[in-house]
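As stored in model33.cif (mmCIF, C-alpha atoms):
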```cif
data_work
loop_
_atom_site.label_atom_id
_atom_site.label_comp_id
_atom_site.auth_asym_id
_atom_site.auth_seq_id
_atom_site.Cartn_x
_atom_site.Cartn_y
_atom_site.Cartn_z
CA MET A 1 26.28 83.93 -54.96
CA THR A 2 22.61 84.49 -54.61
CA THR A 3 20.95 85.06 -51.29
CA GLN A 4 17.42 84.79 -52.65
CA PRO A 5 15.99 81.57 -54.06
CA THR A 6 13.48 81.72 -56.87
CA GLU A 7 10.66 80.96 -54.46
CA LEU A 8 10.60 83.34 -51.51
CA PRO A 9 9.20 82.06 -48.20
CA PRO A 10 5.75 83.32 -47.21
CA SER A 11 7.36 85.62 -44.65
CA LYS A 12 9.66 88.57 -44.84
CA ALA A 13 12.68 86.36 -44.44
CA PHE A 14 15.78 87.06 -46.43
CA ALA A 15 19.29 85.71 -46.42
CA VAL A 16 22.78 87.12 -46.17
CA LEU A 17 26.04 85.39 -46.94
CA ALA A 18 27.49 83.44 -44.05
CA SER A 19 30.86 85.02 -44.82
CA GLN A 20 29.57 88.21 -43.20
CA TYR A 21 29.66 86.45 -39.83
CA SER A 22 32.57 85.42 -37.65
CA TYR A 23 33.06 81.75 -36.80
CA ASP A 24 31.94 82.47 -33.24
CA GLN A 25 28.75 84.09 -34.52
CA LEU A 26 28.04 81.22 -36.91
CA ALA A 27 28.62 78.70 -34.13
CA ASP A 28 26.25 80.63 -31.90
CA ILE A 29 23.47 80.72 -34.53
CA TYR A 30 24.01 77.03 -35.29
CA ASN A 31 23.92 76.09 -31.59
CA GLN A 32 20.70 78.05 -31.07
CA ALA A 33 19.16 76.26 -34.04
CA ARG A 34 20.17 72.82 -32.76
CA VAL A 35 19.39 73.30 -29.06
CA ASP A 36 16.48 70.83 -29.20
CA TYR A 37 17.97 68.55 -31.82
CA ILE A 38 17.72 64.78 -31.43
CA VAL A 39 21.42 64.52 -30.65
CA PRO A 40 22.67 68.06 -29.89
CA MET A 41 26.23 68.53 -31.12
CA PRO A 42 27.15 72.13 -30.33
CA MET A 43 30.29 73.80 -31.67
CA ASN A 44 32.45 76.70 -30.60
CA GLY A 45 34.05 79.13 -33.05
CA LYS A 46 37.25 77.09 -33.25
CA ARG A 47 35.38 73.91 -34.12
CA MET A 48 33.31 75.81 -36.68
CA ALA A 49 36.47 77.15 -38.31
CA GLU A 50 37.90 73.63 -38.50
CA TYR A 51 34.64 72.34 -39.93
CA VAL A 52 34.65 75.00 -42.66
CA ARG A 53 38.29 74.24 -43.51
CA ASP A 54 38.16 70.44 -43.33
CA TYR A 55 34.98 70.03 -45.33
CA ASP A 56 35.53 72.78 -47.93
CA VAL A 57 32.54 74.81 -46.84
CA ASP A 58 32.18 77.90 -49.03
CA LEU A 59 30.90 80.64 -46.73
CA ASN A 60 30.25 82.80 -49.80
CA ALA A 61 27.73 80.20 -50.92
CA SER A 62 26.36 79.56 -47.41
CA ALA A 63 23.67 81.67 -45.81
CA VAL A 64 22.12 83.00 -42.64
CA ALA A 65 18.38 83.72 -42.80
CA LEU A 66 17.09 86.88 -41.16
CA ASN A 67 13.60 88.25 -40.55
CA GLY A 68 12.34 91.76 -41.19
CA GLU A 69 13.74 92.85 -37.83
CA ASN A 70 17.20 91.57 -38.77
CA GLN A 71 16.99 88.73 -36.25
CA GLU A 72 18.81 85.55 -37.25
CA LEU A 73 16.37 82.75 -38.04
CA GLY A 74 18.69 79.97 -39.08
CA VAL A 75 21.74 78.91 -41.00
CA CYS A 76 22.70 76.56 -43.80
CA MET A 77 26.12 75.82 -45.30
CA LEU A 78 27.36 74.52 -48.61
CA GLY A 79 30.52 72.49 -49.14
CA VAL A 80 31.86 72.45 -52.68
CA ARG A 81 34.30 69.98 -54.28
CA ALA A 82 34.65 70.05 -58.07
CA ASP A 83 31.23 69.24 -59.49
CA ARG A 84 29.74 68.10 -56.21
CA ALA A 85 28.17 70.09 -53.38
CA TRP A 86 27.20 69.19 -49.81
CA ILE A 87 24.45 70.77 -47.74
CA THR A 88 25.29 70.87 -44.07
CA ARG A 89 24.70 72.61 -40.72
CA LEU A 90 21.09 73.41 -41.58
CA GLY A 91 19.06 74.58 -38.64
CA VAL A 92 16.32 77.04 -37.73
CA ILE A 93 16.11 78.63 -34.27
CA PRO A 94 13.17 76.93 -32.48
CA GLU A 95 11.12 80.00 -31.55
CA ARG A 96 11.42 81.32 -35.12
CA ARG A 97 10.24 78.17 -36.88
CA GLY A 98 7.00 77.61 -38.73
CA LYS A 99 7.73 79.87 -41.68
CA HIS A 100 9.39 77.36 -44.03
CA ILE A 101 12.82 78.83 -43.37
CA GLY A 102 14.42 75.38 -43.60
CA GLN A 103 13.04 74.98 -47.10
CA PHE A 104 14.03 78.54 -48.01
CA LEU A 105 17.63 77.89 -46.98
CA THR A 106 17.84 74.48 -48.64
CA GLU A 107 16.51 75.83 -51.93
CA LEU A 108 19.01 78.64 -51.71
CA MET A 109 21.85 76.15 -51.31
CA LEU A 110 20.58 74.19 -54.32
CA GLU A 111 20.61 77.33 -56.44
CA ASN A 112 24.10 78.24 -55.25
CA ALA A 113 25.31 74.71 -55.96
CA LYS A 114 23.98 75.02 -59.50
CA LEU A 115 25.65 78.41 -59.96
CA LEU A 116 28.95 76.88 -58.85
CA GLY A 117 28.66 74.14 -61.44
CA ALA A 118 27.69 71.27 -59.17
CA ARG A 119 26.02 68.32 -60.86
CA ARG A 120 25.20 66.51 -57.65
CA VAL A 121 24.22 67.75 -54.18
CA GLN A 122 24.46 65.45 -51.20
CA LEU A 123 23.59 65.66 -47.52
CA GLU A 124 23.11 63.53 -44.44
CA VAL A 125 20.10 63.62 -42.17
CA ILE A 126 19.90 61.94 -38.79
CA LYS A 127 17.58 58.94 -38.73
CA GLY A 128 14.38 59.83 -36.91
CA ASN A 129 14.37 63.47 -37.96
CA GLU A 130 11.18 63.00 -39.94
CA PRO A 131 10.44 66.68 -40.73
CA ALA A 132 13.89 67.10 -42.26
CA THR A 133 13.69 63.83 -44.15
CA ARG A 134 10.29 64.82 -45.57
CA LEU A 135 11.66 68.18 -46.65
CA PHE A 136 14.59 66.62 -48.46
CA TYR A 137 12.35 64.13 -50.26
CA LYS A 138 10.09 67.03 -51.24
CA LEU A 139 13.08 68.84 -52.72
CA GLY A 140 14.07 65.84 -54.81
CA PHE A 141 16.72 64.12 -52.68
CA GLU A 142 16.89 60.33 -52.74
CA PRO A 143 18.37 58.09 -50.04
CA VAL A 144 21.62 56.40 -50.96
CA ARG A 145 22.65 54.44 -47.86
CA ASP A 146 22.73 54.44 -44.08
CA LEU A 147 25.74 55.72 -42.15
CA MET A 148 26.64 55.24 -38.51
CA VAL A 149 28.38 57.34 -35.89
CA VAL A 150 30.23 54.89 -33.65
CA ARG A 151 32.37 55.28 -30.54
CA ARG A 152 34.73 53.27 -28.43
CA PRO A 153 35.82 54.31 -24.93
CA PRO A 154 39.53 54.17 -24.10
CA GLY A 155 41.11 50.92 -23.02
CA ALA A 156 43.48 48.26 -24.28
CA PRO A 157 41.84 45.49 -26.31
CA SER A 158 41.47 41.98 -24.99
CA GLU A 159 44.57 39.83 -25.58
CA GLN A 160 42.21 37.27 -27.12
CA LEU A 161 41.90 39.63 -30.09
CA ASN A 162 45.63 39.65 -30.71
CA ILE A 163 46.78 38.01 -33.92
CA ALA A 164 50.33 37.31 -32.90
CA SER A 165 51.44 36.33 -36.38
CA ALA A 166 50.48 39.72 -37.85
CA GLU A 167 53.32 41.99 -38.83
CA ILE A 168 52.75 45.70 -38.28
CA GLU A 169 54.57 48.33 -40.26
CA PRO A 170 54.01 52.05 -39.66
CA LEU A 171 53.21 54.33 -42.60
CA ASP A 172 55.28 57.45 -43.14
CA SER A 173 53.73 60.64 -44.46
CA ALA A 174 54.64 59.85 -48.09
CA GLN A 175 53.01 56.43 -47.82
CA ILE A 176 49.93 57.96 -46.22
CA ALA A 177 49.71 60.48 -49.06
CA ALA A 178 50.08 57.73 -51.68
CA LEU A 179 47.46 55.49 -50.06
CA LEU A 180 45.01 58.38 -49.73
CA HIS A 181 45.54 59.16 -53.40
CA GLU A 182 44.81 55.55 -54.26
CA TYR A 183 41.78 55.54 -51.96
CA GLU A 184 40.54 58.71 -53.66
CA GLN A 185 40.27 56.85 -56.98
CA THR A 186 38.03 54.14 -55.60
CA GLN A 187 36.42 55.66 -52.53
CA HIS A 188 32.73 55.80 -51.90
CA ALA A 189 33.13 57.58 -48.62
CA ALA A 190 30.80 60.06 -46.99
CA TRP A 191 31.82 63.70 -47.55
CA THR A 192 33.41 64.01 -44.12
CA GLU A 193 35.51 60.88 -44.63
CA GLU A 194 36.76 61.51 -48.16
CA ALA A 195 40.50 61.60 -48.71
CA ILE A 196 40.39 65.37 -49.12
CA SER A 197 38.67 65.75 -45.73
CA LEU A 198 41.45 63.74 -44.11
CA ARG A 199 44.17 65.75 -45.84
CA ASN A 200 42.49 68.96 -44.75
CA SER A 201 42.20 67.69 -41.16
CA GLY A 202 45.86 66.71 -40.81
CA ASN A 203 47.48 64.83 -37.89
CA LEU A 204 47.22 61.60 -39.84
CA ARG A 205 48.83 58.36 -38.74
CA GLY A 206 48.65 54.88 -40.20
CA PHE A 207 50.12 51.43 -40.49
CA TYR A 208 49.97 48.22 -42.46
CA ALA A 209 49.08 44.82 -41.02
CA ALA A 210 50.36 41.79 -42.94
CA LEU A 211 49.34 38.21 -42.22
CA PRO A 212 51.39 35.06 -42.97
CA ASN A 213 48.92 34.19 -45.76
CA ALA A 214 50.08 37.36 -47.56
CA GLU A 215 46.90 39.31 -46.84
CA ARG A 216 47.80 42.92 -46.17
CA GLY A 217 45.60 45.82 -45.15
CA TRP A 218 46.10 49.31 -43.85
CA LEU A 219 44.44 51.84 -41.61
CA ILE A 220 44.86 55.60 -41.72
CA PHE A 221 43.35 57.72 -38.97
CA GLN A 222 43.49 61.17 -37.44
CA ARG A 223 45.10 61.37 -34.03
CA LEU A 224 43.88 64.26 -31.89
CA PRO A 225 45.18 64.94 -28.37
CA PHE A 226 42.39 62.96 -26.71
CA GLN A 227 40.65 61.22 -29.57
CA LEU A 228 41.17 58.96 -32.58
CA THR A 229 38.89 59.69 -35.51
CA HIS A 230 38.49 59.70 -39.32
CA PHE A 231 39.28 56.05 -40.07
CA VAL A 232 40.10 54.87 -43.57
CA PHE A 233 40.65 51.16 -44.08
CA GLY A 234 42.27 49.84 -47.24
CA GLY A 235 43.92 46.82 -48.81
CA ALA A 236 42.68 43.33 -48.06
CA LEU A 237 39.94 43.79 -45.49
CA SER A 238 39.38 40.24 -44.33
CA GLU A 239 38.26 39.90 -40.72
CA PRO A 240 41.73 38.79 -39.51
CA VAL A 241 43.37 41.77 -41.20
CA VAL A 242 40.87 44.24 -39.70
CA GLN A 243 41.31 42.56 -36.33
CA ALA A 244 45.09 42.90 -36.54
CA LEU A 245 44.74 46.58 -37.49
CA LEU A 246 42.33 47.39 -34.68
CA TYR A 247 44.28 45.42 -32.11
CA HIS A 248 47.43 47.35 -32.90
CA LEU A 249 45.58 50.67 -32.96
CA HIS A 250 43.95 50.27 -29.57
CA LYS A 251 46.92 48.58 -27.96
CA THR A 252 49.08 51.51 -29.03
CA HIS A 253 46.57 54.27 -28.25
CA ASN A 254 44.81 52.73 -25.28
CA ALA A 255 44.18 56.03 -23.50
CA GLN A 256 42.42 57.61 -26.48
CA ASP A 257 38.70 57.90 -26.91
CA THR A 258 37.55 56.93 -30.42
CA LYS A 259 34.82 58.38 -32.60
CA VAL A 260 34.20 57.29 -36.18
CA GLU A 261 31.62 59.26 -38.12
CA ASN A 262 29.62 58.24 -41.16
CA LEU A 263 30.73 54.63 -41.37
CA PRO A 264 28.47 52.81 -43.85
CA THR A 265 26.32 50.23 -42.07
CA ASP A 266 27.63 47.58 -44.46
CA HIS A 267 31.31 48.50 -43.97
CA PRO A 268 33.44 45.34 -43.92
CA ALA A 269 35.19 46.44 -40.72
CA TRP A 270 32.07 46.98 -38.63
CA ARG A 271 31.61 43.38 -37.51
CA VAL A 272 35.16 43.29 -36.19
CA MET A 273 34.90 46.77 -34.68
CA GLN A 274 32.06 45.57 -32.47
CA ARG A 275 34.36 42.91 -30.99
CA PHE A 276 36.63 45.75 -29.89
CA GLY A 277 33.82 47.48 -28.02
CA TYR A 278 32.58 49.93 -30.63
CA LEU A 279 29.00 51.08 -30.13
CA GLU A 280 26.64 52.74 -32.54
CA VAL A 281 25.53 56.15 -31.27
CA PHE A 282 23.08 56.99 -34.03
CA GLU A 283 22.52 56.63 -37.76
CA ARG A 284 22.27 59.09 -40.59
CA ILE A 285 20.74 58.70 -44.04
CA GLU A 286 22.92 59.88 -46.89
CA MET A 287 20.87 61.46 -49.68
CA TYR A 288 21.73 62.69 -53.19
CA ARG A 289 20.05 64.99 -55.62
CA TYR A 290 21.30 65.38 -59.18
CA LEU A 291 21.04 68.84 -60.69
CA MET B 1 26.83 69.29 1.44
CA ALA B 2 28.45 68.03 -1.74
CA VAL B 3 30.62 69.82 -4.27
CA ILE B 4 29.07 69.33 -7.68
CA VAL B 5 30.54 70.52 -10.98
CA ILE B 6 28.06 70.98 -13.81
CA VAL B 7 29.52 70.93 -17.32
CA GLU B 8 26.68 72.21 -19.48
CA ASP B 9 26.84 74.53 -22.46
CA ASN B 10 23.15 75.40 -22.39
CA ALA B 11 23.28 78.33 -19.98
CA GLN B 12 19.60 78.22 -19.10
CA SER B 13 19.66 74.53 -18.29
CA GLY B 14 22.95 74.83 -16.38
CA ARG B 15 21.82 77.78 -14.30
CA LEU B 16 18.58 76.04 -13.35
CA ALA B 17 20.43 72.91 -12.25
CA ALA B 18 22.98 74.94 -10.28
CA LYS B 19 20.27 76.99 -8.58
CA LEU B 20 18.32 73.92 -7.51
CA LEU B 21 21.43 72.26 -6.09
CA ASN B 22 22.69 75.42 -4.34
CA ASN B 23 19.25 76.00 -2.81
CA SER B 24 19.44 72.50 -1.38
CA GLY B 25 22.68 73.18 0.45
CA HIS B 26 25.15 71.85 -2.08
CA ARG B 27 27.93 73.82 -3.73
CA ALA B 28 27.29 73.69 -7.46
CA ILE B 29 29.88 75.11 -9.84
CA LEU B 30 28.69 75.74 -13.39
CA THR B 31 31.06 75.49 -16.36
CA GLU B 32 30.05 75.74 -20.00
CA THR B 33 32.82 74.00 -21.94
CA GLY B 34 34.72 70.75 -21.70
CA GLU B 35 38.00 72.57 -21.18
CA ASP B 36 36.67 74.79 -18.38
CA GLY B 37 34.96 71.77 -16.89
CA LEU B 38 38.17 69.74 -16.81
CA THR B 39 40.09 72.62 -15.22
CA THR B 40 37.44 73.14 -12.56
CA ILE B 41 37.15 69.43 -11.83
CA PHE B 42 40.91 69.03 -11.46
CA GLU B 43 40.99 72.05 -9.12
CA THR B 44 38.08 71.05 -6.93
CA SER B 45 38.00 67.22 -6.96
CA PRO B 46 34.21 67.35 -6.66
CA ASP B 47 31.95 64.72 -5.17
CA LEU B 48 29.92 64.55 -8.35
CA VAL B 49 30.08 65.81 -11.93
CA LEU B 50 27.04 66.35 -14.13
CA ILE B 51 28.31 66.32 -17.67
CA ASP B 52 26.48 67.10 -20.87
CA LEU B 53 27.45 64.68 -23.64
CA GLY B 54 27.26 67.39 -26.31
CA LEU B 55 29.76 70.16 -25.56
CA PRO B 56 31.01 72.83 -27.95
CA ASP B 57 34.75 72.16 -27.65
CA ILE B 58 35.36 68.55 -26.56
CA ASP B 59 32.83 65.72 -26.77
CA GLY B 60 31.31 64.90 -23.39
CA GLN B 61 32.33 61.25 -23.74
CA THR B 62 35.92 62.27 -24.33
CA VAL B 63 35.82 64.43 -21.19
CA ILE B 64 34.41 61.50 -19.22
CA ALA B 65 37.14 59.24 -20.61
CA LEU B 66 39.79 61.71 -19.44
CA LEU B 67 38.26 61.95 -15.98
CA GLN B 68 38.13 58.16 -15.69
CA GLN B 69 41.91 58.07 -16.10
CA GLN B 70 42.58 60.36 -13.11
CA PRO B 71 43.29 58.40 -9.92
CA ALA B 72 42.61 61.53 -7.86
CA LEU B 73 39.01 61.46 -9.08
CA ALA B 74 38.38 57.81 -8.26
CA LYS B 75 35.65 58.77 -5.77
CA THR B 76 33.99 61.36 -7.98
CA ARG B 77 30.60 60.27 -9.29
CA LEU B 78 30.28 60.91 -13.03
CA ILE B 79 26.74 61.42 -14.26
CA ALA B 80 25.79 61.92 -17.91
CA PHE B 81 23.46 64.93 -18.11
CA THR B 82 21.92 64.83 -21.52
CA ALA B 83 18.97 65.39 -23.81
CA TRP B 84 19.98 62.44 -25.99
CA PRO B 85 17.42 59.69 -26.50
CA GLU B 86 17.29 57.63 -23.30
CA ALA B 87 18.46 54.35 -24.80
CA THR B 88 21.45 56.01 -26.47
CA ALA B 89 22.28 58.00 -23.35
CA HIS B 90 22.22 54.91 -21.16
CA SER B 91 24.33 52.80 -23.51
CA MET B 92 26.91 55.57 -23.88
CA ALA B 93 27.00 56.23 -20.12
CA LYS B 94 27.45 52.55 -19.40
CA ALA B 95 30.19 52.13 -22.00
CA TYR B 96 32.09 55.11 -20.65
CA GLY B 97 31.77 53.99 -17.03
CA CYS B 98 29.43 56.69 -15.78
CA HIS B 99 27.65 56.12 -12.51
CA GLY B 100 24.33 57.16 -13.97
CA VAL B 101 22.29 59.29 -16.31
CA ILE B 102 19.95 62.22 -15.79
CA ILE B 103 17.88 63.02 -18.84
CA LYS B 104 17.11 66.63 -19.73
CA PRO B 105 14.91 68.55 -19.54
CA ILE B 106 14.94 68.00 -15.80
CA ASP B 107 11.92 67.64 -13.59
CA THR B 108 12.57 70.39 -11.03
CA ARG B 109 10.62 68.48 -8.36
CA GLN B 110 12.81 65.41 -8.64
CA PHE B 111 16.15 66.72 -9.81
CA VAL B 112 17.88 67.24 -6.45
CA ALA B 113 16.74 63.81 -5.21
CA GLN B 114 18.04 62.26 -8.42
CA VAL B 115 21.45 63.84 -7.94
CA GLU B 116 21.61 63.02 -4.23
CA ALA B 117 20.79 59.38 -4.94
CA PHE B 118 24.00 59.19 -6.96
CA LEU B 119 26.04 60.53 -4.06
CA ALA B 120 25.52 57.27 -2.22
CA PRO B 121 28.24 55.24 -3.89
CA PRO B 122 27.10 51.96 -5.45
CA GLU B 123 29.16 50.44 -8.26
CA PRO B 124 28.79 52.00 -11.72
CA ILE B 125 25.50 50.85 -13.16
CA ALA B 126 24.50 53.63 -15.54
CA GLN B 127 20.96 53.50 -14.19
CA SER B 128 19.19 56.34 -12.49
CA PRO B 129 18.12 55.18 -9.01
CA ALA B 130 15.42 57.79 -9.02
CA GLN B 131 12.60 57.98 -11.48
CA HIS B 132 14.05 60.27 -14.10
CA ALA B 133 12.27 62.74 -16.28
CA THR B 134 11.92 61.80 -19.87
CA THR B 135 12.96 63.87 -22.81
CA GLY B 136 10.40 66.21 -24.25
CA SER B 137 9.13 65.69 -27.73
CA LEU B 138 11.82 66.41 -30.25
CA HIS B 139 9.64 66.23 -33.26
CA ASP B 140 6.90 68.29 -34.74
CA ASP B 141 5.49 68.59 -38.18
CA SER B 142 7.36 71.71 -39.13
CA ALA B 143 9.82 71.39 -41.94
CA ASP B 144 11.68 74.23 -40.24
CA ARG B 145 13.02 71.71 -37.80
CA ALA B 146 14.88 70.30 -40.74
CA ALA B 147 18.55 69.78 -40.28
CA ALA B 148 21.14 68.42 -42.61
CA GLU B 149 24.08 67.15 -40.66
#
```
Could you write out this file's structure as structure tokens?
Amino acid sequence: MTTQPTELPPSKAFAVLASQYSYDQLADIYNQARVDYIVPMPMNGKRMAEYVRDYDVDLNASAVALNGENQELGVCMLGVRADRAWITRLGVIPERRGKHIGQFLTELMLENAKLLGARRVQLEVIKGNEPATRLFYKLGFEPVRDLMVVRRPPGAPSEQLNIASAEIEPLDSAQIAALLHEYEQTQHAAWTEEAISLRNSGNLRGFYAALPNAERGWLIFQRLPFQLTHFVFGGALSEPVVQALLYHLHKTHNAQDTKVENLPTDHPAWRVMQRFGYLEVFERIEMYRYL
Amino acid sequence: MAVIVIVEDNAQSGRLAAKLLNNSGHRAILTETGEDGLTTIFETSPDLVLIDLGLPDIDGQTVIALLQQQPALAKTRLIAFTAWPEATAHSMAKAYGCHGVIIKPIDTRQFVAQVEAFLAPPEPIAQSPAQHATTGSLHDDSADRAAAE
């Protein structure tokens, strides 16, 4: 992979492959770059390693920018899946900004995506990060839709939300695999919530909810020790079906915190999720650029 | 004198907060990760916890949720200590049952009074009883501040 885009920045910056760094080092550079971010979300080396694995980040196509004194300036990563690529973890260390390093790194990722055969590059940018949004427009990205990060604190749901007539049936691992395969054919999920991301993440659980009127939906999610995350809804997603799914989920896992990332703002489950106490934390804009 | 555990991954910010509290006669214990924070809190049963919502290992909200489930910590005041936008910070703190919010960067002249105000135990309200500092500007015109999620 290249570490020099066609257009060099007007400084002596250069880039090296991210694969030359340990996960701890990458996490440290990323944390330094995001210290003043709108919603700081630091990572440790373990989380960085999981991120690279779960989201198919190619560290040989990702880069760390350095200055002439070999000081790290910033980082940017590239996820690659077939003919699609994903720009992520872009950040420049605050005291080393002002030299177009963000643009340098983004252009580098675009060139690497092209070299890897990608026909489309996508990314998400937090709403309100105007400098980043301007940069991505300048580089040819177009907004596709708005995504939300939502959370729900632990606690059993209100009994008023119970649909007593709903029948719940747990999914075994073969059923989860089959449903994710089916979902993969029709999904329009954000990169982090694609079926492949869930398979990479592991610890998946799921169940069906069936109503007397024959409506049947399912929910697959990742269960971590203290948190439920990575939701995929499927089947008939009428409000009663979603309500039955969420009631069972939170009744069963009432001590778990819940975080759902990159849920489209028009997702059919969102209205019902709010009844269960879900709150929007912030929004991202998903953007595409075709190569 | 109160025992105060600070869970804050930004070392500079954490050290400043700890120094201000220690200089005021409190015993501040600084931890930098959610896991270390939980261990220290379980060991010390502090009077108050200042907890950053963005931690490198476990989300701050998840840590708060775990602390809320510990009967032994029923009297511990849980304060979100965050640079998140104020409205978001307050809604998260309220949802997770925090007793208040202190927005970073701190105002060193007011910080100790802000913390001490939370040591008097009203019901959880997720409102700072002291005038809290506002977040600094998070935006400039430099494209270098760009960040793809």
Kindly provide the residues of chain A that approach chain B to within 7 Å, each paired with its closest atom pair and their distance in Å to one decimal, based on only C-alpha atoms, listed by chain and increasing number, as CSV.
```
residue,atom,partner,partner_atom,distance
A:Asp36,CA,B:Leu138,CA,6.5
A:Tyr37,CA,B:Leu138,CA,6.7
A:Ile38,CA,B:Leu138,CA,6.2
A:Val39,CA,B:Trp84,CA,5.3
A:Pro40,CA,B:Gly54,CA,5.9
A:Met41,CA,B:Gly54,CA,5.0
A:Pro42,CA,B:Pro56,CA,4.6
A:Met43,CA,B:Pro56,CA,3.9
A:Asn44,CA,B:Pro56,CA,4.9
A:Arg47,CA,B:Asp57,CA,6.7
A:Ile87,CA,B:Ala148,CA,6.5
A:Thr88,CA,B:Ala148,CA,5.0
A:Arg89,CA,B:Glu149,CA,5.5
A:Leu90,CA,B:Ala147,CA,4.6
A:Gly91,CA,B:Ala147,CA,5.1
A:Val92,CA,B:Asp144,CA,6.0
A:Arg97,CA,B:Asp144,CA,5.4
A:Gly98,CA,B:Ser142,CA,5.9
A:His100,CA,B:Asp144,CA,5.4
A:Ile101,CA,B:Asp144,CA,5.7
A:Gly102,CA,B:Asp144,CA,4.5
A:Leu123,CA,B:Ala148,CA,6.1
A:Glu124,CA,B:Glu149,CA,5.3
A:Val125,CA,B:Ala148,CA,4.9
A:Ile126,CA,B:Glu149,CA,6.9
A:Pro131,CA,B:Ala143,CA,4.9
A:Ala132,CA,B:Ala146,CA,3.7
A:Leu135,CA,B:Ala143,CA,6.0
A:Pro153,CA,B:Tyr96,CA,5.7
A:Pro154,CA,B:Ala65,CA,6.6
A:Phe226,CA,B:Thr62,CA,6.9
A:Asp257,CA,B:Thr62,CA,5.8
A:Val281,CA,B:Thr88,CA,6.3
```
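The gap separating atom CA of Phe276 of chain A from atom CA of Val241 of chain A is 13.8 Å, in Å to one decimal.
Atom CA of Pro143 of chain A is positioned 18.8 Å from atom CA of Leu78 of chain A.
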Evaluate the PyMOL selection byres ((chain A and resi 183-196) around 10) on the structure here and hand back the selected residues as a compact mmCIF listing (two decimals) with C-alpha atoms, keeping the file's coordinate frame.
```txt
# COMPACT_ATOMS: atom_id res chain seq x y z
CA TYR A 51 34.64 72.34 -39.93
CA ASP A 54 38.16 70.44 -43.33
CA TYR A 55 34.98 70.03 -45.33
CA ASP A 56 35.53 72.78 -47.93
CA GLY A 79 30.52 72.49 -49.14
CA ARG A 81 34.30 69.98 -54.28
CA ARG A 84 29.74 68.10 -56.21
CA ALA A 85 28.17 70.09 -53.38
CA TRP A 86 27.20 69.19 -49.81
CA GLN A 122 24.46 65.45 -51.20
CA LEU A 123 23.59 65.66 -47.52
CA GLU A 124 23.11 63.53 -44.44
CA ARG A 145 22.65 54.44 -47.86
CA LEU A 147 25.74 55.72 -42.15
CA ALA A 177 49.71 60.48 -49.06
CA ALA A 178 50.08 57.73 -51.68
CA LEU A 179 47.46 55.49 -50.06
CA LEU A 180 45.01 58.38 -49.73
CA HIS A 181 45.54 59.16 -53.40
CA GLU A 182 44.81 55.55 -54.26
CA SER A 197 38.67 65.75 -45.73
CA LEU A 198 41.45 63.74 -44.11
CA ARG A 199 44.17 65.75 -45.84
CA ASN A 200 42.49 68.96 -44.75
CA SER A 201 42.20 67.69 -41.16
CA THR A 229 38.89 59.69 -35.51
CA HIS A 230 38.49 59.70 -39.32
CA PHE A 231 39.28 56.05 -40.07
CA VAL A 232 40.10 54.87 -43.57
CA PHE A 233 40.65 51.16 -44.08
CA GLY A 234 42.27 49.84 -47.24
CA GLY A 235 43.92 46.82 -48.81
CA VAL A 260 34.20 57.29 -36.18
CA GLU A 261 31.62 59.26 -38.12
CA ASN A 262 29.62 58.24 -41.16
CA LEU A 263 30.73 54.63 -41.37
CA PRO A 264 28.47 52.81 -43.85
CA GLU A 286 22.92 59.88 -46.89
```
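As for atom CA of His90 of chain B and atom CA of Asn23 of chain B, they are spaced 28.1 Å apart.
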So which residues touch Val64 of chain A within 7 Å, counting all atoms listed in the file, skipping near sequence neighbours fewer than 2 positions away, as a list of chain:residue names?
A:Ala15, A:Val16, A:Leu17, A:Ala18, A:Leu66, A:Glu72, A:Gly74, A:Val75, A:Cys76
Looking at only C-alpha atoms, which of B:Val49, B:Leu78, B:Ile41, B:Leu73 is the one that sits closest to Ala18 of chain B?
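Comparing B:Val49, B:Leu78, B:Ile41, B:Leu73 against Ala18 of chain B, the winner is B:Val49.
For the choices B:Ala74, B:Leu30, B:Val112, B:Ala93, the atom-to-atom distance to Ile6 of chain B is smallest for B:Leu30 when using all atoms listed in the file.
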For Ile79 of chain B: contacts at 8 Å, all atoms listed in the file, fewer than 6 positions along chain excluded, given as an mmCIF file with C-alpha atoms, in the frame of the given file:
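Saved the output as selection-v5.cif:
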```
data_model
loop_
_atom_site.group_PDB
_atom_site.id
_atom_site.type_symbol
_atom_site.label_atom_id
_atom_site.label_comp_id
_atom_site.auth_asym_id
_atom_site.auth_seq_id
_atom_site.Cartn_x
_atom_site.Cartn_y
_atom_site.Cartn_z
ATOM 1 C CA LEU B 48 29.920 64.550 -8.350
ATOM 2 C CA VAL B 49 30.080 65.810 -11.930
ATOM 3 C CA LEU B 50 27.040 66.350 -14.130
ATOM 4 C CA ILE B 51 28.310 66.320 -17.670
ATOM 5 C CA ALA B 93 27.000 56.230 -20.120
ATOM 6 C CA CYS B 98 29.430 56.690 -15.780
ATOM 7 C CA HIS B 99 27.650 56.120 -12.510
ATOM 8 C CA GLY B 100 24.330 57.160 -13.970
ATOM 9 C CA VAL B 101 22.290 59.290 -16.310
ATOM 10 C CA ILE B 102 19.950 62.220 -15.790
#
```
Matched chain/residue IDs from the PyMOL selection byres ((chain B and resi 28) around 9), as number ranges by chain
B: 2-6, 17-22, 26-27, 29-30
On this file, the PyMOL selection byres ((chain A and resi 171) around 9) gives some set of residues; write that set as a PyMOL selection string.
chain A and resi 169-170+172-176+205-208+218+220
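With distances taken over all atoms listed in the file, A:Leu110 is the one residue among A:Tyr23, A:Met1, A:Leu110, A:Gln32 lying closest to Leu139 of chain A.
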Measuring between all atoms listed in the file, which one of B:Phe81, B:Gly34, B:Lys94, B:Leu67 shows the shortest distance to Ile106 of chain B?
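The closest residue to Ile106 of chain B is B:Phe81.
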